[in-house]
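Reading through the structure tokens given below for one structure.
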Amino acid sequence: MAISGRGDTFLDHPRAVTVQHPGELLTAASILTLMRLRFLRAMHPKLSAEQLAALSARTLGHYDRSAEAFWEGTRDHDVTQNYEALLEAIEGPPPFRILDFGCGPGRDLAHFKSLGHEAVGLDGAERFVEMARAATGCEVLHQDFLQLSLPQASFHGIFANASLFHVPVQELPRVLGELREALRPRGVLFSSNPRGRDDEGFHGERYGSYHTLETWRAFLTAAGFTELRHYYRPPGKPREEQPWLATVFRRA
Ligand SMILES: C[S@@+](CC[C@H](N)C(=O)[O-])C[C@H]1O[C@@H](n2cnc3c(N)ncnc32)[C@H](O)[C@@H]1O
């Protein structure tokens with residue numbers, strides 16, 4: 001069974017489950033998943049603009065205060081698999097313009113720059129922005145994920161390594177839509193997030209939302225992306241020892 005999308009955002013519509021892009025088809029499985037998302041959303045009280053701002057500020061405050069320790073703890077993390085997953089999915093000849101969404105202190109910006117790409121960082125933690133600029137010489141945008149101001153159709157790829165999970169579910173359709181608009185046609189969104197059971201909230205000082213693969217797929221599809229692949233990390237471990245879900249989607 002399949003139905004046509006009608007061009008609404010799927011979570012806010014009072015009656016129907018639809019997609020943002022007219023003519024797109026939803027399978028029965030997608031419809032069930034989207035209904036599940038609406039249910040999950042209904043279970044959460046709506047966060048006000050003030051609550052969203054406070055939630056971001058608390059998370060970012062944590063990163064600002066622990067910026068040096070974060071750098072020491074993550075500078076040697078091997079995310080080669082993730083770099084390759086993004087770069088091999090981008091069409092056309094390099095160099096590519098890449099947005100490192102939630103770039104932190106700049107490890108991955110430095111890597112993309114070393115390959116000759118034009119890497120642009122984005123982070124909301126002031127200390128990380130300073131560190132990433134100083135370490136890489138790249139342009140680094142100081143922006144909150146919940147208040148983005150991005151150029152349209154600008155990037156060949158977006159690298160969101162361990163960052164998108166900080167977006168509350170309520171805001172995820174909007175933020176994904178903004179990332180889609182920032183990509184060139186057929187541009188690629190890579191993301192890696194700690195997976196979960198569709199729960200969200202504060203863990204210590206950091207807010208996070210933790211999705212199943214099915215839910216994550218439904219969000220991305222509804223935002224106008226097509227799945228290319230997914231995998232679990234770290235590689236070579238049994239699934240229960242792979243807390244990270246990495247996905248590669250193309251702007252449809
Ligand atoms: C787990 S760290 C990942 C950093 C880097 N991508 C890496 O892989 O090492 C999450 C990043 O998202 C940023 N971040 C979290 N919430 C944010 C928000 N609301 N707006 C902007 N940046 C945010 C943090 O400052 C931090 O750099």
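Ordered as shown in the structure tokens, chains take letters A, B, and onward, while each chain numbers its residues from 1 and ligands are numbered from 1 in the order shown.
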
Can I get the residues close to ligand 1 as a compact mmCIF listing (two decimals) with C-alpha atoms, in the first residue's frame, where close means within 7 Å and we count only C-alpha atoms and all ligand atoms?
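Generated file (result17.txt):
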```
# COMPACT_ATOMS: atom_id res chain seq x y z
CA SER A 56 20.64 24.38 24.69
CA THR A 59 24.19 21.54 27.21
CA LEU A 60 26.52 24.12 25.70
CA TYR A 63 30.78 21.59 26.67
CA THR A 74 38.55 12.67 21.73
CA PHE A 101 27.85 20.29 12.11
CA GLY A 102 28.77 20.34 15.81
CA CYS A 103 32.48 20.41 14.97
CA GLY A 104 33.70 20.58 18.57
CA PRO A 105 37.39 21.51 18.84
CA ARG A 107 39.52 17.26 14.78
CA ASP A 123 29.20 24.83 16.91
CA GLY A 124 27.30 26.52 19.71
CA ALA A 125 29.99 26.22 22.38
CA PHE A 128 35.00 25.01 20.84
CA GLN A 143 25.40 28.99 15.97
CA ASP A 144 22.90 27.12 18.11
CA PHE A 145 21.44 24.05 16.35
CA LEU A 146 18.01 25.37 17.30
CA ALA A 160 27.19 15.51 11.82
CA ASN A 161 29.36 13.32 13.99
CA ALA A 162 27.89 12.81 17.46
CA SER A 163 25.92 16.05 17.27
CA HIS A 166 21.41 16.95 20.92
CA VAL A 167 18.37 18.20 18.98
```

Do you have, as a Markdown table, the list of residues of stretch 56-134 of chain A lying at most 12 Å from stretch 229-232 of chain A, each with its nearest atom pair and that distance in Å to one decimal, counting only C-alpha atoms and ordered by chain then number?
```
| residue | atom | partner | partner_atom | distance |
| --- | --- | --- | --- | --- |
| A:Gln81 | CA | A:Tyr231 | CA | 10.0 |
| A:Asn82 | CA | A:Tyr231 | CA | 9.8 |
| A:Ala85 | CA | A:Arg229 | CA | 8.8 |
| A:Leu86 | CA | A:Arg229 | CA | 10.4 |
| A:Glu88 | CA | A:Arg229 | CA | 11.5 |
| A:Ala89 | CA | A:Arg229 | CA | 9.6 |
```

Using N, CA and C atoms, can you write the selected residues to a file as a compact mmCIF listing (two decimals), in the first residue's frame?
```
# COMPACT_ATOMS: atom_id res chain seq x y z
N GLN A 81 36.18 5.58 9.29
CA GLN A 81 35.02 4.93 8.66
C GLN A 81 33.94 5.97 8.33
N ASN A 82 33.76 6.93 9.21
CA ASN A 82 32.72 7.94 9.00
C ASN A 82 33.13 8.95 7.94
N ALA A 85 32.57 7.22 4.70
CA ALA A 85 31.15 7.04 4.38
C ALA A 85 30.57 8.31 3.77
N LEU A 86 30.95 9.47 4.30
CA LEU A 86 30.47 10.73 3.72
C LEU A 86 31.09 10.97 2.34
N GLU A 88 32.64 9.12 0.11
CA GLU A 88 32.37 8.24 -1.03
C GLU A 88 30.94 8.38 -1.55
N ALA A 89 30.07 8.97 -0.74
CA ALA A 89 28.68 9.15 -1.18
C ALA A 89 28.46 10.45 -1.96
```

For the contact check between stretch 55-155 of chain A and stretch 196-207 of chain A, emit one row per residue of stretch 55-155 of chain A within 7 Å, containing the shortest atom pair and the distance in Å rounded to one decimal, counting only C-alpha atoms, chain then rising number order, as CSV.
```
residue,atom,partner,partner_atom,distance
A:Leu55,CA,A:Tyr207,CA,6.7
A:Arg58,CA,A:Glu205,CA,6.3
A:Thr59,CA,A:Arg206,CA,4.4
A:His62,CA,A:Glu205,CA,6.1
```

Would you output that residue set with N, CA and C atoms, as a tab-separated table (two decimals), in the first residue's frame?
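The resulting selection_22.tsv:
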```
chain	number	residue	atom	x	y	z
A	55	LEU	N	17.56	24.61	27.57
A	55	LEU	CA	18.12	23.27	27.34
A	55	LEU	C	19.42	23.35	26.52
A	58	ARG	N	22.20	24.94	28.71
A	58	ARG	CA	22.76	24.02	29.72
A	58	ARG	C	23.73	23.03	29.07
A	59	THR	N	23.32	22.49	27.93
A	59	THR	CA	24.19	21.54	27.21
A	59	THR	C	25.48	22.22	26.77
A	62	HIS	N	27.93	22.95	29.52
A	62	HIS	CA	28.72	21.76	29.87
A	62	HIS	C	29.92	21.62	28.94
```

DSSP on the backbone, strand (DSSP E or B) only: what residues of stretch 105-236 of chain A does that give? Format it as a PyMOL selection string. chain A and resi 118-123+139-142+155-161+183-194+199-203+206-210+225-233

Go ahead and save the picked residues with C-alpha atoms, as an mmCIF file, in the first residue's frame.
```
data_model
loop_
_atom_site.group_PDB
_atom_site.id
_atom_site.type_symbol
_atom_site.label_atom_id
_atom_site.label_comp_id
_atom_site.auth_asym_id
_atom_site.auth_seq_id
_atom_site.Cartn_x
_atom_site.Cartn_y
_atom_site.Cartn_z
ATOM 1 C CA GLU A 118 36.670 23.424 1.915
ATOM 2 C CA ALA A 119 35.568 22.605 5.458
ATOM 3 C CA VAL A 120 33.302 24.925 7.418
ATOM 4 C CA GLY A 121 32.595 24.275 11.085
ATOM 5 C CA LEU A 122 29.544 25.050 13.165
ATOM 6 C CA ASP A 123 29.198 24.835 16.914
ATOM 7 C CA GLU A 139 35.630 29.287 8.927
ATOM 8 C CA VAL A 140 33.647 28.222 12.012
ATOM 9 C CA LEU A 141 30.093 29.459 12.505
ATOM 10 C CA HIS A 142 29.028 30.125 16.072
ATOM 11 C CA PHE A 155 27.318 22.283 0.792
ATOM 12 C CA HIS A 156 28.142 19.044 -1.008
ATOM 13 C CA GLY A 157 28.078 17.255 2.318
ATOM 14 C CA ILE A 158 27.236 17.690 5.990
ATOM 15 C CA PHE A 159 29.200 15.743 8.593
ATOM 16 C CA ALA A 160 27.188 15.505 11.820
ATOM 17 C CA ASN A 161 29.362 13.316 13.992
ATOM 18 C CA LEU A 183 22.780 20.998 0.933
ATOM 19 C CA ARG A 184 23.196 21.230 -2.807
ATOM 20 C CA PRO A 185 20.822 19.048 -4.825
ATOM 21 C CA ARG A 186 21.792 15.395 -4.195
ATOM 22 C CA GLY A 187 24.075 16.506 -1.362
ATOM 23 C CA VAL A 188 24.821 14.048 1.444
ATOM 24 C CA LEU A 189 24.045 14.127 5.171
ATOM 25 C CA PHE A 190 26.202 11.845 7.305
ATOM 26 C CA SER A 191 25.324 11.456 10.952
ATOM 27 C CA SER A 192 26.391 9.230 13.785
ATOM 28 C CA ASN A 193 24.382 9.184 16.982
ATOM 29 C CA PRO A 194 24.090 7.090 20.114
ATOM 30 C CA ASP A 199 13.700 8.373 24.514
ATOM 31 C CA GLU A 200 15.074 11.820 25.283
ATOM 32 C CA GLY A 201 16.104 13.981 28.186
ATOM 33 C CA PHE A 202 19.090 15.150 30.193
ATOM 34 C CA HIS A 203 21.946 12.798 30.919
ATOM 35 C CA ARG A 206 23.639 17.289 28.309
ATOM 36 C CA TYR A 207 20.275 16.970 26.591
ATOM 37 C CA GLY A 208 19.967 14.130 24.107
ATOM 38 C CA SER A 209 17.401 12.219 22.066
ATOM 39 C CA TYR A 210 18.109 8.569 21.300
ATOM 40 C CA PHE A 225 16.172 12.538 2.333
ATOM 41 C CA THR A 226 16.771 9.133 0.750
ATOM 42 C CA GLU A 227 18.730 6.504 2.653
ATOM 43 C CA LEU A 228 21.994 5.302 1.144
ATOM 44 C CA ARG A 229 23.319 3.119 3.950
ATOM 45 C CA HIS A 230 23.665 2.649 7.670
ATOM 46 C CA TYR A 231 26.007 0.804 9.980
ATOM 47 C CA TYR A 232 26.765 0.405 13.664
ATOM 48 C CA ARG A 233 29.931 1.382 15.487
#
```

Can you tell me, as a ChimeraX atom specification, which residues in stretch 36-233 of chain A count as helix (DSSP H, G or I) by DSSP? /A:36-43,49-65,67-74,80-89,107-114,126-136,145-147,164-166,169-182,213-222

Now that the selection is made, can you save its residues with C-alpha atoms as an mmCIF file, in the first residue's frame?
```cif
data_model
loop_
_atom_site.group_PDB
_atom_site.id
_atom_site.type_symbol
_atom_site.label_atom_id
_atom_site.label_comp_id
_atom_site.auth_asym_id
_atom_site.auth_seq_id
_atom_site.Cartn_x
_atom_site.Cartn_y
_atom_site.Cartn_z
ATOM 1 C CA ARG A 36 4.393 5.967 16.018
ATOM 2 C CA LEU A 37 6.288 9.262 15.856
ATOM 3 C CA ARG A 38 3.086 11.196 16.304
ATOM 4 C CA PHE A 39 2.291 9.041 19.306
ATOM 5 C CA LEU A 40 5.747 9.598 20.798
ATOM 6 C CA ARG A 41 5.418 13.300 20.208
ATOM 7 C CA ALA A 42 2.002 13.359 21.859
ATOM 8 C CA MET A 43 3.556 11.721 24.922
ATOM 9 C CA ALA A 49 10.879 28.626 23.302
ATOM 10 C CA GLU A 50 12.282 29.485 26.731
ATOM 11 C CA GLN A 51 12.647 25.823 27.676
ATOM 12 C CA LEU A 52 14.394 25.061 24.388
ATOM 13 C CA ALA A 53 16.801 27.963 24.883
ATOM 14 C CA ALA A 54 17.518 26.855 28.451
ATOM 15 C CA LEU A 55 18.115 23.271 27.339
ATOM 16 C CA SER A 56 20.638 24.378 24.693
ATOM 17 C CA ALA A 57 22.353 26.744 27.108
ATOM 18 C CA ARG A 58 22.759 24.019 29.719
ATOM 19 C CA THR A 59 24.192 21.538 27.211
ATOM 20 C CA LEU A 60 26.521 24.119 25.697
ATOM 21 C CA GLY A 61 27.616 25.295 29.144
ATOM 22 C CA HIS A 62 28.717 21.760 29.875
ATOM 23 C CA TYR A 63 30.782 21.590 26.669
ATOM 24 C CA ASP A 64 32.293 25.026 27.280
ATOM 25 C CA ARG A 65 33.377 24.116 30.788
ATOM 26 C CA ALA A 67 36.276 21.845 26.353
ATOM 27 C CA GLU A 68 39.947 21.087 27.064
ATOM 28 C CA ALA A 69 39.171 17.713 28.663
ATOM 29 C CA PHE A 70 36.876 16.872 25.726
ATOM 30 C CA TRP A 71 39.707 17.617 23.289
ATOM 31 C CA GLU A 72 42.163 15.451 25.209
ATOM 32 C CA GLY A 73 39.615 12.646 25.384
ATOM 33 C CA THR A 74 38.550 12.672 21.730
ATOM 34 C CA THR A 80 37.991 7.174 9.422
ATOM 35 C CA GLN A 81 35.023 4.933 8.657
ATOM 36 C CA ASN A 82 32.723 7.938 9.002
ATOM 37 C CA TYR A 83 34.872 10.276 6.881
ATOM 38 C CA GLU A 84 34.886 7.672 4.131
ATOM 39 C CA ALA A 85 31.149 7.041 4.376
ATOM 40 C CA LEU A 86 30.470 10.725 3.717
ATOM 41 C CA LEU A 87 33.104 11.331 1.056
ATOM 42 C CA GLU A 88 32.374 8.238 -1.033
ATOM 43 C CA ALA A 89 28.678 9.149 -1.183
ATOM 44 C CA ARG A 107 39.522 17.263 14.780
ATOM 45 C CA ASP A 108 37.370 16.448 11.743
ATOM 46 C CA LEU A 109 37.596 19.920 10.219
ATOM 47 C CA ALA A 110 41.373 19.499 10.205
ATOM 48 C CA HIS A 111 41.037 16.140 8.484
ATOM 49 C CA PHE A 112 38.742 17.376 5.710
ATOM 50 C CA LYS A 113 40.973 20.411 5.175
ATOM 51 C CA SER A 114 44.061 18.169 4.939
ATOM 52 C CA GLU A 126 32.060 29.391 22.310
ATOM 53 C CA ARG A 127 35.222 27.692 23.540
ATOM 54 C CA PHE A 128 35.000 25.006 20.845
ATOM 55 C CA VAL A 129 34.547 27.658 18.176
ATOM 56 C CA GLU A 130 37.714 29.431 19.357
ATOM 57 C CA MET A 131 39.651 26.162 19.527
ATOM 58 C CA ALA A 132 38.483 24.952 16.110
ATOM 59 C CA ARG A 133 39.316 28.265 14.443
ATOM 60 C CA ALA A 134 42.760 28.375 16.060
ATOM 61 C CA ALA A 135 43.556 24.734 15.260
ATOM 62 C CA THR A 136 42.388 24.686 11.640
ATOM 63 C CA PHE A 145 21.443 24.054 16.346
ATOM 64 C CA LEU A 146 18.012 25.369 17.302
ATOM 65 C CA GLN A 147 18.578 28.793 15.725
ATOM 66 C CA LEU A 164 22.372 15.710 15.922
ATOM 67 C CA PHE A 165 21.294 13.705 18.949
ATOM 68 C CA HIS A 166 21.415 16.954 20.915
ATOM 69 C CA VAL A 169 12.616 15.449 18.934
ATOM 70 C CA GLN A 170 10.158 18.338 18.818
ATOM 71 C CA GLU A 171 12.623 20.413 16.783
ATOM 72 C CA LEU A 172 14.144 17.624 14.703
ATOM 73 C CA PRO A 173 11.875 17.922 11.623
ATOM 74 C CA ARG A 174 12.611 21.654 11.386
ATOM 75 C CA VAL A 175 16.374 21.284 11.899
ATOM 76 C CA LEU A 176 16.622 18.421 9.384
ATOM 77 C CA GLY A 177 14.676 20.537 6.917
ATOM 78 C CA GLU A 178 17.149 23.382 7.368
ATOM 79 C CA LEU A 179 20.096 21.035 6.830
ATOM 80 C CA ARG A 180 18.431 19.723 3.705
ATOM 81 C CA GLU A 181 18.068 23.247 2.366
ATOM 82 C CA ALA A 182 21.738 23.957 3.102
ATOM 83 C CA LEU A 213 16.915 3.041 13.312
ATOM 84 C CA GLU A 214 13.251 2.913 12.248
ATOM 85 C CA THR A 215 12.446 6.221 13.878
ATOM 86 C CA TRP A 216 15.580 7.924 12.598
ATOM 87 C CA ARG A 217 14.753 6.729 9.079
ATOM 88 C CA ALA A 218 11.235 8.058 9.365
ATOM 89 C CA PHE A 219 12.455 11.509 10.407
ATOM 90 C CA LEU A 220 15.007 11.698 7.613
ATOM 91 C CA THR A 221 12.624 10.416 4.964
ATOM 92 C CA ALA A 222 9.923 12.839 6.015
#
```

What is the distance, in Å and to one decimal place, between atom CA of A:Gly224 and atom CA of A:Ala252?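 That distance, rounded to one decimal, is 5.6 Å.
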
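Closest to A:Arg97 among A:Ser154, A:Ser48, A:Thr247, A:Ser66 is A:Ser154, based on only C-alpha atoms.
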
Can you list, as a PyMOL selection string, every protein, DNA or RNA residue that comes within 9 Å of A:Pro95 when you count only C-alpha atoms, leaving out same-chain residues fewer than 5 positions away? chain A and resi 115-118
